[in-house]
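Undergrad: File follows, run-v9.txt with compact mmCIF, C-alpha atoms and all ligand atoms:
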# COMPACT_ATOMS: atom_id res chain seq x y z
CA MET A 177 27.11 16.43 11.95
CA LYS A 178 25.68 13.09 10.71
CA SER A 179 23.42 13.34 7.68
CA VAL A 180 20.27 11.38 6.87
CA THR A 181 17.81 11.44 3.97
CA VAL A 182 14.12 10.84 4.60
CA VAL A 183 11.99 9.74 1.64
CA GLY A 184 8.32 10.80 1.88
CA SER A 185 6.69 14.06 2.92
CA GLY A 186 3.49 12.78 4.56
CA ILE A 187 2.94 12.78 8.34
CA ILE A 188 5.40 9.89 8.82
CA GLY A 189 8.17 11.50 6.75
CA LEU A 190 7.75 14.95 8.30
CA THR A 191 7.67 13.75 11.92
CA SER A 192 10.67 11.48 11.21
CA ALA A 193 12.56 14.39 9.67
CA ARG A 194 11.78 16.72 12.58
CA SER A 195 12.65 14.15 15.20
CA LEU A 196 15.99 13.41 13.51
CA GLN A 197 16.76 17.15 13.38
CA GLU A 198 16.00 17.40 17.09
CA ALA A 199 18.43 14.51 17.64
CA GLY A 200 21.19 16.50 15.90
CA PHE A 201 21.12 15.09 12.34
CA GLN A 202 21.45 17.15 9.15
CA VAL A 203 18.28 16.07 7.32
CA LYS A 204 17.28 16.08 3.66
CA LEU A 205 13.74 15.25 2.59
CA ILE A 206 12.91 13.79 -0.83
CA ALA A 207 9.41 13.00 -2.06
CA LYS A 208 7.65 12.59 -5.35
CA GLU A 209 5.10 15.19 -4.23
CA LYS A 210 4.84 18.08 -1.78
CA PHE A 211 3.08 17.51 1.55
CA ALA A 212 -0.08 19.23 0.25
CA ASN A 213 -0.58 16.44 -2.32
CA THR A 214 -0.08 13.48 0.02
CA LEU A 215 -2.69 11.17 1.52
CA SER A 216 -1.79 12.67 4.90
CA HIS A 217 -3.09 16.07 3.77
CA LYS A 218 -6.59 14.79 2.91
CA VAL A 219 -7.69 13.18 6.15
CA GLY A 220 -9.29 13.98 9.61
CA ALA A 221 -7.17 13.50 11.66
CA ILE A 222 -8.09 12.29 15.09
CA TRP A 223 -5.93 10.39 17.60
CA PHE A 224 -7.39 6.90 17.44
CA PRO A 225 -5.68 3.55 16.68
CA PHE A 226 -7.76 2.28 13.73
CA GLU A 227 -6.63 -0.48 11.35
CA ILE A 228 -3.03 -0.69 12.55
CA ALA A 229 -0.91 -3.53 13.92
CA PRO A 230 0.72 -4.92 16.02
CA LYS A 231 -1.03 -3.54 19.07
CA GLU A 232 1.93 -4.20 21.43
CA LYS A 233 4.00 -1.64 19.50
CA THR A 234 1.27 0.70 18.29
CA ASN A 235 -0.11 1.20 21.81
CA ILE A 236 3.29 2.51 22.93
CA TRP A 237 3.70 4.72 19.85
CA ALA A 238 0.16 6.07 20.33
CA THR A 239 0.84 7.04 23.95
CA GLN A 240 4.08 8.82 23.01
CA SER A 241 2.36 10.63 20.16
CA TYR A 242 -0.48 11.75 22.42
CA THR A 243 2.01 13.33 24.82
CA ARG A 244 4.01 14.92 22.01
CA TYR A 245 0.93 16.54 20.41
CA LEU A 246 0.14 18.26 23.71
CA LYS A 247 3.41 20.21 23.30
CA ASP A 248 2.07 21.72 20.06
CA LEU A 249 -1.12 23.02 21.66
CA ALA A 250 0.40 26.39 22.50
CA SER A 251 1.45 27.19 18.90
CA PRO A 252 -0.66 27.82 15.77
CA SER A 253 -0.12 24.21 14.73
CA GLY A 254 -3.65 22.96 14.12
CA VAL A 255 -3.51 20.68 17.17
CA SER A 256 -6.28 20.84 19.76
CA VAL A 257 -7.79 18.41 22.26
CA ILE A 258 -11.44 17.59 21.63
CA PRO A 259 -14.14 15.29 23.05
CA PHE A 260 -14.56 12.17 20.94
CA ILE A 261 -17.22 9.49 21.33
CA ASN A 262 -16.13 6.07 20.18
CA ALA A 263 -18.54 3.13 19.91
CA TYR A 264 -17.46 -0.35 21.00
CA THR A 265 -18.91 -3.82 21.42
CA THR A 266 -17.74 -6.83 23.41
CA ASP A 267 -15.66 -7.82 20.35
CA SER A 268 -13.87 -4.46 20.10
CA ASN A 269 -10.28 -3.90 21.11
CA THR A 270 -10.49 -1.03 23.60
CA ASP A 271 -6.83 -1.19 24.65
CA TRP A 272 -6.44 2.35 23.37
CA LYS A 273 -8.26 3.72 26.40
CA GLU A 274 -5.37 2.53 28.60
CA GLN A 275 -3.03 4.76 26.56
CA LEU A 276 -4.76 7.98 27.59
CA PRO A 277 -3.71 10.10 30.55
CA LYS A 278 -5.75 9.62 33.74
CA GLY A 279 -9.19 11.28 33.69
CA LYS A 280 -9.27 11.62 29.90
CA VAL A 281 -11.63 8.72 29.19
CA ARG A 282 -14.89 7.41 30.65
CA GLU A 283 -18.07 5.60 29.59
CA ALA A 284 -20.31 7.85 27.50
CA THR A 285 -23.70 8.52 29.09
CA LYS A 286 -26.88 7.45 27.27
CA ALA A 287 -27.60 11.12 26.50
CA GLU A 288 -24.19 11.52 24.83
CA LEU A 289 -24.58 8.52 22.49
CA PRO A 290 -25.28 9.35 18.83
CA LYS A 291 -28.36 7.53 17.47
CA GLY A 292 -27.71 3.85 16.75
CA MET A 293 -24.90 3.49 19.29
CA ASP A 294 -25.45 1.23 22.33
CA GLN A 295 -22.15 1.70 24.08
CA ALA A 296 -19.27 4.11 23.67
CA LEU A 297 -16.27 5.68 25.36
CA TYR A 298 -16.07 9.44 25.79
CA ALA A 299 -12.43 10.48 25.45
CA GLU A 300 -10.42 13.68 25.20
CA VAL A 301 -8.00 13.19 22.33
CA PRO A 302 -5.77 15.26 20.04
CA LEU A 303 -7.30 16.50 16.82
CA ILE A 304 -4.51 17.18 14.34
CA GLU A 305 -5.68 19.28 11.40
CA PRO A 306 -3.46 18.27 8.46
CA ARG A 307 -3.98 21.50 6.47
CA LEU A 308 -2.38 23.36 9.37
CA TYR A 309 -0.12 20.75 10.96
CA LEU A 310 1.77 19.60 7.84
CA PRO A 311 2.84 23.14 6.82
CA TYR A 312 3.69 23.81 10.47
CA LEU A 313 6.03 20.78 10.54
CA PHE A 314 7.45 21.56 7.10
CA ASN A 315 8.24 25.18 8.03
CA GLN A 316 9.93 24.02 11.23
CA PHE A 317 11.93 21.55 9.16
CA ILE A 318 13.13 24.25 6.74
CA SER A 319 13.89 26.82 9.43
CA ASN A 320 16.03 24.23 11.22
CA GLY A 321 18.26 23.85 8.16
CA GLY A 322 16.35 21.05 6.38
CA LYS A 323 16.49 20.74 2.59
CA PHE A 324 13.54 19.53 0.48
CA GLU A 325 13.68 18.11 -3.04
CA ILE A 326 11.04 16.66 -5.33
CA GLY A 327 12.16 13.27 -6.63
CA PHE A 328 10.82 9.84 -7.46
CA ILE A 329 12.80 6.88 -6.12
CA ALA A 330 12.35 3.88 -8.37
CA SER A 331 14.08 1.12 -6.41
CA LEU A 332 15.63 0.17 -3.08
CA GLU A 333 19.07 0.25 -4.71
CA GLU A 334 18.45 3.87 -5.72
CA MET A 335 17.18 4.66 -2.22
CA ALA A 336 20.25 3.13 -0.56
CA ASP A 337 22.53 5.28 -2.75
CA LEU A 338 20.92 8.54 -1.56
CA ASP A 339 22.92 8.91 1.67
CA ASN A 340 24.82 7.11 4.44
CA LEU A 341 21.49 6.71 6.21
CA VAL A 342 18.06 6.71 4.54
CA VAL A 343 14.60 6.45 6.09
CA ASN A 344 11.82 5.05 3.93
CA CYS A 345 8.50 6.81 4.73
CA THR A 346 6.77 6.22 1.41
CA GLY A 347 3.45 4.87 2.76
CA LEU A 348 1.63 2.85 0.13
CA GLY A 349 4.40 3.76 -2.35
CA ALA A 350 6.51 1.16 -0.53
CA LYS A 351 4.40 -1.61 -2.09
CA GLU A 352 6.14 -1.23 -5.44
CA LEU A 353 9.42 0.09 -4.09
CA CYS A 354 9.96 -2.84 -1.72
CA GLN A 355 7.86 -5.42 -3.60
CA ASP A 356 5.99 -5.75 -0.30
CA ASP A 357 3.16 -8.32 -0.42
CA GLU A 358 2.11 -7.52 3.15
CA LEU A 359 1.12 -3.94 2.27
CA TYR A 360 -2.37 -3.25 0.89
CA PRO A 361 -4.85 -0.36 0.65
CA ILE A 362 -7.98 0.20 2.69
CA ARG A 363 -9.96 2.71 0.64
CA GLY A 364 -11.56 5.57 2.53
CA GLN A 365 -13.99 8.04 1.01
CA ILE A 366 -14.86 11.12 3.07
CA LEU A 367 -16.86 14.33 2.71
CA ARG A 368 -15.35 17.64 3.76
CA CYS A 369 -18.31 19.84 4.69
CA GLU A 370 -19.05 23.30 6.00
CA LYS A 371 -18.62 23.36 9.74
CA MET A 372 -21.45 21.64 11.63
CA ASP A 373 -22.57 21.56 15.25
CA SER A 374 -22.18 17.82 15.90
CA VAL A 375 -19.88 16.32 18.50
CA SER A 376 -17.03 14.28 16.98
CA PHE A 377 -17.65 10.54 17.04
CA ALA A 378 -16.78 7.25 15.34
CA ASP A 379 -18.47 3.91 15.06
CA PRO A 380 -15.87 1.43 13.79
CA THR A 381 -17.69 -1.61 15.20
CA LYS A 382 -18.96 -3.04 11.89
CA LYS A 383 -16.45 -3.78 9.14
CA GLY A 384 -17.72 -2.18 5.93
CA ALA A 385 -20.11 0.16 7.77
CA LEU A 386 -17.74 2.70 9.25
CA ARG A 387 -19.31 6.03 10.21
CA TYR A 388 -17.71 9.05 11.81
CA ILE A 389 -17.73 12.80 12.14
CA ILE A 390 -14.69 14.91 12.91
CA ASN A 391 -15.53 18.48 13.73
CA ARG A 392 -12.52 20.71 12.99
CA SER A 393 -11.87 24.42 13.52
CA THR A 394 -13.35 25.60 10.22
CA ASP A 395 -14.97 22.55 8.63
CA THR A 396 -16.37 19.08 9.38
CA VAL A 397 -15.27 15.71 7.96
CA ILE A 398 -17.92 13.02 7.52
CA GLY A 399 -16.79 9.46 6.90
CA GLY A 400 -16.41 7.00 5.62
CA THR A 401 -15.60 3.75 3.95
CA ASP A 402 -13.09 1.02 4.78
CA TYR A 403 -12.83 -1.20 1.71
CA GLU A 404 -9.87 -3.57 1.79
CA ASN A 405 -7.75 -4.02 -1.33
CA ASP A 406 -9.74 -1.41 -3.23
CA TRP A 407 -7.25 0.69 -5.23
CA SER A 408 -9.78 3.11 -6.75
CA GLN A 409 -9.00 6.76 -6.06
CA GLU A 410 -12.16 7.91 -7.86
CA VAL A 411 -15.01 9.42 -5.85
CA ASN A 412 -17.94 6.99 -5.92
CA PRO A 413 -21.33 8.79 -5.81
CA ASP A 414 -22.93 5.70 -4.21
CA ASP A 415 -20.42 5.94 -1.36
CA THR A 416 -21.29 9.62 -0.93
CA LYS A 417 -24.98 8.67 -0.54
CA LEU A 418 -24.08 5.90 1.88
CA ILE A 419 -21.96 8.25 4.00
CA LEU A 420 -24.73 10.89 4.11
CA ASN A 421 -27.34 8.27 5.04
CA ARG A 422 -25.19 6.90 7.85
CA ALA A 423 -24.70 10.45 9.17
CA LYS A 424 -28.47 10.98 9.10
CA ASP A 425 -29.00 7.65 10.89
CA SER A 426 -26.64 8.91 13.61
CA GLY A 427 -29.14 11.66 14.40
CA ILE A 428 -27.43 14.54 12.59
CA LYS A 429 -30.09 17.21 12.19
CA GLU A 430 -28.27 19.68 9.94
CA GLU A 431 -28.10 19.03 6.20
CA PRO A 432 -24.32 18.70 5.47
CA LYS A 433 -23.06 21.21 2.89
CA ILE A 434 -20.37 19.35 0.98
CA LEU A 435 -17.24 21.33 0.06
CA GLU A 436 -15.19 18.43 -1.25
CA GLU A 437 -15.45 14.66 -1.73
CA LEU A 438 -12.13 12.94 -1.10
CA VAL A 439 -10.70 9.45 -1.46
CA GLY A 440 -7.58 8.13 0.29
CA LEU A 441 -5.94 4.73 0.50
CA ARG A 442 -4.85 3.75 4.01
CA PRO A 443 -1.44 2.01 3.80
CA LYS A 444 -2.33 -1.08 5.87
CA ARG A 445 0.23 -3.76 6.60
CA THR A 446 0.07 -6.98 8.60
CA ALA A 447 2.43 -5.07 10.92
CA VAL A 448 3.92 -1.58 10.57
CA ARG A 449 7.32 -2.02 8.96
CA PHE A 450 9.75 -0.43 11.40
CA GLU A 451 13.18 -1.96 10.87
CA TYR A 452 16.45 -1.78 8.95
CA ASP A 453 16.32 -3.39 5.53
CA PRO A 454 17.97 -6.84 5.72
CA GLU A 455 19.81 -6.28 2.41
CA PHE A 456 20.35 -2.49 2.15
CA LYS A 457 21.65 -1.99 5.65
CA ASN A 458 21.69 1.82 5.57
CA VAL A 459 17.93 1.93 4.82
CA PHE A 460 15.45 2.05 7.70
CA HIS A 461 11.78 1.36 6.87
CA ASN A 462 8.98 3.32 8.56
CA TYR A 463 5.75 2.64 6.64
CA GLY A 464 2.43 0.77 6.73
CA HIS A 465 0.64 2.81 9.42
CA GLY A 466 -2.86 1.97 8.12
CA GLY A 467 -5.70 4.11 9.44
CA ALA A 468 -3.63 5.57 12.28
CA GLY A 469 -0.59 7.36 10.83
CA TYR A 470 -1.27 10.50 12.86
CA THR A 471 -2.03 8.49 15.97
CA VAL A 472 1.40 6.85 16.08
CA ALA A 473 3.62 9.16 13.96
CA TRP A 474 5.54 10.84 16.77
CA GLY A 475 6.05 7.61 18.74
CA CYS A 476 7.67 6.05 15.66
CA ALA A 477 9.68 9.19 14.91
CA LEU A 478 11.11 9.45 18.43
CA GLU A 479 12.06 5.75 18.53
CA LEU A 480 13.60 6.09 15.07
CA ALA A 481 15.82 8.99 16.17
CA ASP A 482 16.95 7.00 19.24
CA LEU A 483 17.84 3.99 17.07
CA LEU A 484 19.69 5.99 14.43
CA LYS A 485 21.55 8.03 17.05
CA GLY A 486 22.73 4.76 18.54
CA GLY A 487 24.30 3.96 15.15
C1 LIG A 501 -10.17 8.47 4.84
C2 LIG A 501 -9.00 8.37 5.78
C3 LIG A 501 -9.10 8.89 7.06
C4 LIG A 501 -8.05 8.80 7.96
N1 LIG A 501 -8.18 9.34 9.21
C5 LIG A 501 -7.16 9.23 10.10
C6 LIG A 501 -7.29 9.75 11.41
O1 LIG A 501 -8.33 10.36 11.76
N2 LIG A 501 -6.25 9.58 12.28
C7 LIG A 501 -5.11 8.92 11.92
O2 LIG A 501 -4.21 8.77 12.76
N3 LIG A 501 -4.96 8.43 10.67
C8 LIG A 501 -5.96 8.56 9.77
N4 LIG A 501 -5.82 8.03 8.51
C9 LIG A 501 -4.57 7.32 8.16
C10 LIG A 501 -3.46 8.27 7.75
O3 LIG A 501 -3.95 9.17 6.79
C11 LIG A 501 -2.28 7.48 7.19
O4 LIG A 501 -1.89 6.47 8.10
C12 LIG A 501 -1.08 8.42 6.98
O5 LIG A 501 -1.47 9.53 6.21
C13 LIG A 501 0.08 7.68 6.31
O6 LIG A 501 1.11 8.62 6.23
P1 LIG A 501 2.43 8.36 5.38
O7 LIG A 501 3.30 9.55 5.61
O8 LIG A 501 2.95 7.01 5.66
O9 LIG A 501 1.91 8.30 3.86
P2 LIG A 501 1.59 9.44 2.77
O10 LIG A 501 0.86 10.58 3.36
O11 LIG A 501 0.95 8.71 1.65
O12 LIG A 501 3.01 9.96 2.32
C14 LIG A 501 3.86 9.14 1.55
C15 LIG A 501 4.96 10.01 0.96
O13 LIG A 501 5.87 9.18 0.24
C16 LIG A 501 6.08 9.73 -1.05
N5 LIG A 501 6.42 8.63 -1.96
C17 LIG A 501 5.75 7.48 -2.16
N6 LIG A 501 6.41 6.69 -3.04
C18 LIG A 501 7.52 7.37 -3.40
C19 LIG A 501 8.62 7.10 -4.27
N7 LIG A 501 8.70 5.93 -4.95
N8 LIG A 501 9.59 8.04 -4.41
C20 LIG A 501 9.53 9.20 -3.73
N9 LIG A 501 8.52 9.51 -2.89
C21 LIG A 501 7.55 8.60 -2.72
C22 LIG A 501 4.79 10.44 -1.39
O14 LIG A 501 5.02 11.43 -2.38
C23 LIG A 501 4.48 11.06 -0.03
O15 LIG A 501 5.22 12.25 0.11
C24 LIG A 501 -6.85 8.14 7.57
C25 LIG A 501 -6.74 7.63 6.28
C26 LIG A 501 -7.80 7.74 5.39
C27 LIG A 501 -7.66 7.19 4.01
Let me see the file written as structure tokens.
TA:
Amino acid sequence: MKSVTVVGSGIIGLTSARSLQEAGFQVKLIAKEKFANTLSHKVGAIWFPFEIAPKEKTNIWATQSYTRYLKDLASPSGVSVIPFINAYTTDSNTDWKEQLPKGKVREATKAELPKGMDQALYAEVPLIEPRLYLPYLFNQFISNGGKFEIGFIASLEEMADLDNLVVNCTGLGAKELCQDDELYPIRGQILRCEKMDSVSFADPTKKGALRYIINRSTDTVIGGTDYENDWSQEVNPDDTKLILNRAKDSGIKEEPKILEELVGLRPKRTAVRFEYDPEFKNVFHNYGHGGAGYTVAWGCALELADLLKGG
């Protein structure tokens, strides 16, 4: 059996590891932290291509991921399909609606629009709850013979020495590891609140004024911010006020009861890095999925397994 080591235990590392196991590889996972401490654990996560490029590739990965998530609906995986209202303007890229199965997207009616939205699409999309989905994937990985180890990889040389084949899923960690100038953070602050009644929606139409609500099974996430090149991981009380005000302006009647304020840095890249390293030829890079890691994770993982199987 061919062996492969995956570095990174976020959504990209775990889906890569599972997909490679399904393709018949013996897989080892190494990460500097467990899945519960990753960026991937903190977020929404809704199927929606936000802040990711290039669209020619990410559209395909998003479609494949959508289909793959439907397979997890039957198990206690934290995946469900929910209605999601997404604002757009004439300047918006609405290509994503073409990626959905027939009958799963339409224009939102005036009555469905949250306050302050002029135009939106009403779509049925996967909601992937990280607190349930990451342990679900990890347990599947272990019960299929996977081995996990905590470890920090300091350089590409060190990474290349790990195994005959290595997959780099280190998210923003790849900036230092690969000296990658094309990778940068987009800071997102969010509020995890007691469960509310609101429909899930997003208004990504104005850069710097992102607002969204993701209603999950036991809590509600209110967002957010999208500050480019902001490395701060500290909660900013002014951002909390801003997020609450934007939620109020959207017509939310309930007073949100905040359980947790969270900050995450989206690993944005000019284009997702999905290729073999030109120098360390046994290393395959799979990082830089911006604000849409969950949206494209399975598409990338399945293509990765096909490529690696082909040698
Ligand atoms: C506020 C916010 C909301 C979001 N909402 C959504 C959403 O609704 N839908 C969606 O699709 N996406 C969403 N995203 C984006 C999504 O969270 C990311 O794209 C995704 O989590 C990236 O996953 P990853 O596995 O690449 O990175 P990470 O989760 O950061 O995992 C990286 C892994 O690499 C390891 N690592 C890093 N460096 C090293 C090293 N040198 N040595 C060893 N290990 C290392 C880390 O320990 C970790 O295990 C959101 C992001 C934010 C910030």
Undergrad: Enumerate residues in contact with ligand LIG 501 (chain A): an atom-to-atom distance of at most 6 Å, counting only C-alpha atoms and all ligand atoms. Format the result as JSON, numbers by chain.
TA: {"A": [183, 184, 185, 186, 187, 188, 189, 207, 208, 209, 211, 214, 215, 216, 219, 220, 221, 222, 223, 224, 327, 328, 329, 330, 345, 346, 347, 349, 353, 364, 365, 366, 440, 441, 442, 463, 465, 466, 467, 468, 469, 470, 471]}
Undergrad: Got a sec to check which residues sit within 6 Å of (-5.9, 20.2, 19.7), counting all atoms listed in the file, and write them as a list in words?
TA: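 Nearby residues: Leu249, Val255, Ser256, Val257, Pro302 and Leu303 of chain A.
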Undergrad: Using all atoms listed in the file, find the one residue out of A:Tyr388, A:Tyr403, A:Phe450, A:Phe317 that sits nearest to Leu196 of chain A.
TA: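 Residue with the minimum atom-to-atom distance to Leu196 of chain A: A:Phe317.
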Undergrad: Please measure the separation of atom CA of Leu308 of chain A and atom CA of Phe377 of chain A, giving the value in Å to one decimal.
TA: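 Atom-to-atom, atom CA of Leu308 of chain A to atom CA of Phe377 of chain A, that is 21.4 Å.
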Undergrad: Which residue gives the smallest distance to Leu367 of chain A among A:Asp267, A:Asp425, A:Asp395, A:Asp482, with all atoms listed in the file counted?
TA: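 Looking at the shortest contact to Leu367 of chain A, the residue is A:Asp395.
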Undergrad: Save segment 287-388 of chain A of the structure in the block above to a file, with C-alpha atoms included, as a PDB file, in the first residue's frame.
TA:
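So the final result, stored in out-v6.pdb, reads:
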ATOM      1  CA  ALA A 287     -40.904  39.463   1.586  1.00  0.00           C
ATOM      2  CA  GLU A 288     -37.877  37.178   2.063  1.00  0.00           C
ATOM      3  CA  LEU A 289     -35.281  39.972   1.837  1.00  0.00           C
ATOM      4  CA  PRO A 290     -33.669  41.007   5.139  1.00  0.00           C
ATOM      5  CA  LYS A 291     -33.881  44.779   5.750  1.00  0.00           C
ATOM      6  CA  GLY A 292     -31.397  46.764   3.658  1.00  0.00           C
ATOM      7  CA  MET A 293     -31.178  44.200   0.853  1.00  0.00           C
ATOM      8  CA  ASP A 294     -32.524  45.131  -2.600  1.00  0.00           C
ATOM      9  CA  GLN A 295     -31.845  41.917  -4.444  1.00  0.00           C
ATOM     10  CA  ALA A 296     -30.853  38.425  -3.373  1.00  0.00           C
ATOM     11  CA  LEU A 297     -30.801  34.772  -4.357  1.00  0.00           C
ATOM     12  CA  TYR A 298     -32.604  32.197  -2.240  1.00  0.00           C
ATOM     13  CA  ALA A 299     -30.598  28.974  -2.336  1.00  0.00           C
ATOM     14  CA  GLU A 300     -30.591  25.603  -0.616  1.00  0.00           C
ATOM     15  CA  VAL A 301     -27.007  24.924   0.396  1.00  0.00           C
ATOM     16  CA  PRO A 302     -25.037  22.658   2.735  1.00  0.00           C
ATOM     17  CA  LEU A 303     -24.408  23.941   6.238  1.00  0.00           C
ATOM     18  CA  ILE A 304     -21.358  22.169   7.634  1.00  0.00           C
ATOM     19  CA  GLU A 305     -21.071  22.570  11.405  1.00  0.00           C
ATOM     20  CA  PRO A 306     -17.332  22.391  12.174  1.00  0.00           C
ATOM     21  CA  ARG A 307     -17.761  21.354  15.830  1.00  0.00           C
ATOM     22  CA  LEU A 308     -19.487  18.208  14.576  1.00  0.00           C
ATOM     23  CA  TYR A 309     -18.000  17.693  11.118  1.00  0.00           C
ATOM     24  CA  LEU A 310     -14.291  17.890  12.023  1.00  0.00           C
ATOM     25  CA  PRO A 311     -14.507  15.216  14.769  1.00  0.00           C
ATOM     26  CA  TYR A 312     -16.671  13.146  12.411  1.00  0.00           C
ATOM     27  CA  LEU A 313     -13.951  13.259   9.721  1.00  0.00           C
ATOM     28  CA  PHE A 314     -11.163  12.714  12.250  1.00  0.00           C
ATOM     29  CA  ASN A 315     -12.868   9.648  13.761  1.00  0.00           C
ATOM     30  CA  GLN A 316     -13.422   8.205  10.284  1.00  0.00           C
ATOM     31  CA  PHE A 317      -9.752   8.830   9.549  1.00  0.00           C
ATOM     32  CA  ILE A 318      -8.602   6.978  12.685  1.00  0.00           C
ATOM     33  CA  SER A 319     -11.025   4.077  12.281  1.00  0.00           C
ATOM     34  CA  ASN A 320      -9.749   3.588   8.728  1.00  0.00           C
ATOM     35  CA  GLY A 321      -6.201   3.042   9.996  1.00  0.00           C
ATOM     36  CA  GLY A 322      -4.991   6.672   9.932  1.00  0.00           C
ATOM     37  CA  LYS A 323      -2.284   7.829  12.341  1.00  0.00           C
ATOM     38  CA  PHE A 324      -2.185  11.341  13.845  1.00  0.00           C
ATOM     39  CA  GLU A 325       0.830  13.107  15.331  1.00  0.00           C
ATOM     40  CA  ILE A 326       1.338  16.592  16.724  1.00  0.00           C
ATOM     41  CA  GLY A 327       4.365  18.212  15.095  1.00  0.00           C
ATOM     42  CA  PHE A 328       5.585  21.539  13.790  1.00  0.00           C
ATOM     43  CA  ILE A 329       7.216  21.518  10.351  1.00  0.00           C
ATOM     44  CA  ALA A 330       9.723  24.333  10.075  1.00  0.00           C
ATOM     45  CA  SER A 331      10.713  24.198   6.411  1.00  0.00           C
ATOM     46  CA  LEU A 332       9.893  22.693   3.021  1.00  0.00           C
ATOM     47  CA  GLU A 333      13.044  20.568   3.258  1.00  0.00           C
ATOM     48  CA  GLU A 334      11.742  19.092   6.514  1.00  0.00           C
ATOM     49  CA  MET A 335       8.320  18.547   4.939  1.00  0.00           C
ATOM     50  CA  ALA A 336       9.786  16.756   1.917  1.00  0.00           C
ATOM     51  CA  ASP A 337      11.689  14.378   4.232  1.00  0.00           C
ATOM     52  CA  LEU A 338       8.502  13.223   5.989  1.00  0.00           C
ATOM     53  CA  ASP A 339       7.447  10.612   3.417  1.00  0.00           C
ATOM     54  CA  ASN A 340       7.593   9.530  -0.239  1.00  0.00           C
ATOM     55  CA  LEU A 341       4.552  11.725  -0.813  1.00  0.00           C
ATOM     56  CA  VAL A 342       3.538  14.730   1.313  1.00  0.00           C
ATOM     57  CA  VAL A 343       0.497  17.006   1.020  1.00  0.00           C
ATOM     58  CA  ASN A 344       0.822  20.523   2.391  1.00  0.00           C
ATOM     59  CA  CYS A 345      -2.520  21.660   3.913  1.00  0.00           C
ATOM     60  CA  THR A 346      -1.152  24.238   6.329  1.00  0.00           C
ATOM     61  CA  GLY A 347      -3.489  27.128   5.423  1.00  0.00           C
ATOM     62  CA  LEU A 348      -2.002  30.462   6.441  1.00  0.00           C
ATOM     63  CA  GLY A 349       0.933  28.562   8.002  1.00  0.00           C
ATOM     64  CA  ALA A 350       2.182  28.085   4.434  1.00  0.00           C
ATOM     65  CA  LYS A 351       3.111  31.783   4.292  1.00  0.00           C
ATOM     66  CA  GLU A 352       6.216  31.212   6.404  1.00  0.00           C
ATOM     67  CA  LEU A 353       6.771  27.604   5.411  1.00  0.00           C
ATOM     68  CA  CYS A 354       6.826  28.330   1.671  1.00  0.00           C
ATOM     69  CA  GLN A 355       7.896  31.997   1.873  1.00  0.00           C
ATOM     70  CA  ASP A 356       4.723  32.642  -0.129  1.00  0.00           C
ATOM     71  CA  ASP A 357       4.187  36.338  -0.940  1.00  0.00           C
ATOM     72  CA  GLU A 358       0.843  35.613  -2.618  1.00  0.00           C
ATOM     73  CA  LEU A 359      -0.752  34.393   0.625  1.00  0.00           C
ATOM     74  CA  TYR A 360      -2.303  36.935   3.017  1.00  0.00           C
ATOM     75  CA  PRO A 361      -4.928  37.059   5.783  1.00  0.00           C
ATOM     76  CA  ILE A 362      -8.439  38.445   5.592  1.00  0.00           C
ATOM     77  CA  ARG A 363      -9.411  38.940   9.225  1.00  0.00           C
ATOM     78  CA  GLY A 364     -12.884  37.835  10.228  1.00  0.00           C
ATOM     79  CA  GLN A 365     -14.464  38.533  13.600  1.00  0.00           C
ATOM     80  CA  ILE A 366     -17.692  36.699  14.425  1.00  0.00           C
ATOM     81  CA  LEU A 367     -20.091  36.308  17.344  1.00  0.00           C
ATOM     82  CA  ARG A 368     -21.294  32.865  18.369  1.00  0.00           C
ATOM     83  CA  CYS A 369     -24.683  33.436  19.985  1.00  0.00           C
ATOM     84  CA  GLU A 370     -27.515  31.484  21.552  1.00  0.00           C
ATOM     85  CA  LYS A 371     -29.730  30.071  18.852  1.00  0.00           C
ATOM     86  CA  MET A 372     -31.964  32.678  17.189  1.00  0.00           C
ATOM     87  CA  ASP A 373     -34.989  32.530  14.917  1.00  0.00           C
ATOM     88  CA  SER A 374     -33.538  34.357  11.897  1.00  0.00           C
ATOM     89  CA  VAL A 375     -33.172  32.849   8.446  1.00  0.00           C
ATOM     90  CA  SER A 376     -29.531  32.430   7.377  1.00  0.00           C
ATOM     91  CA  PHE A 377     -28.322  35.168   5.043  1.00  0.00           C
ATOM     92  CA  ALA A 378     -25.232  37.022   3.824  1.00  0.00           C
ATOM     93  CA  ASP A 379     -24.626  40.397   2.296  1.00  0.00           C
ATOM     94  CA  PRO A 380     -21.110  40.361   0.829  1.00  0.00           C
ATOM     95  CA  THR A 381     -21.830  43.173  -1.652  1.00  0.00           C
ATOM     96  CA  LYS A 382     -19.813  45.927   0.086  1.00  0.00           C
ATOM     97  CA  LYS A 383     -16.142  45.309   0.823  1.00  0.00           C
ATOM     98  CA  GLY A 384     -15.516  46.166   4.480  1.00  0.00           C
ATOM     99  CA  ALA A 385     -19.220  45.971   5.395  1.00  0.00           C
ATOM    100  CA  LEU A 386     -19.836  42.246   5.369  1.00  0.00           C
ATOM    101  CA  ARG A 387     -22.892  41.090   7.327  1.00  0.00           C
ATOM    102  CA  TYR A 388     -24.275  37.605   7.744  1.00  0.00           C
TER     103      TYR A 388
END
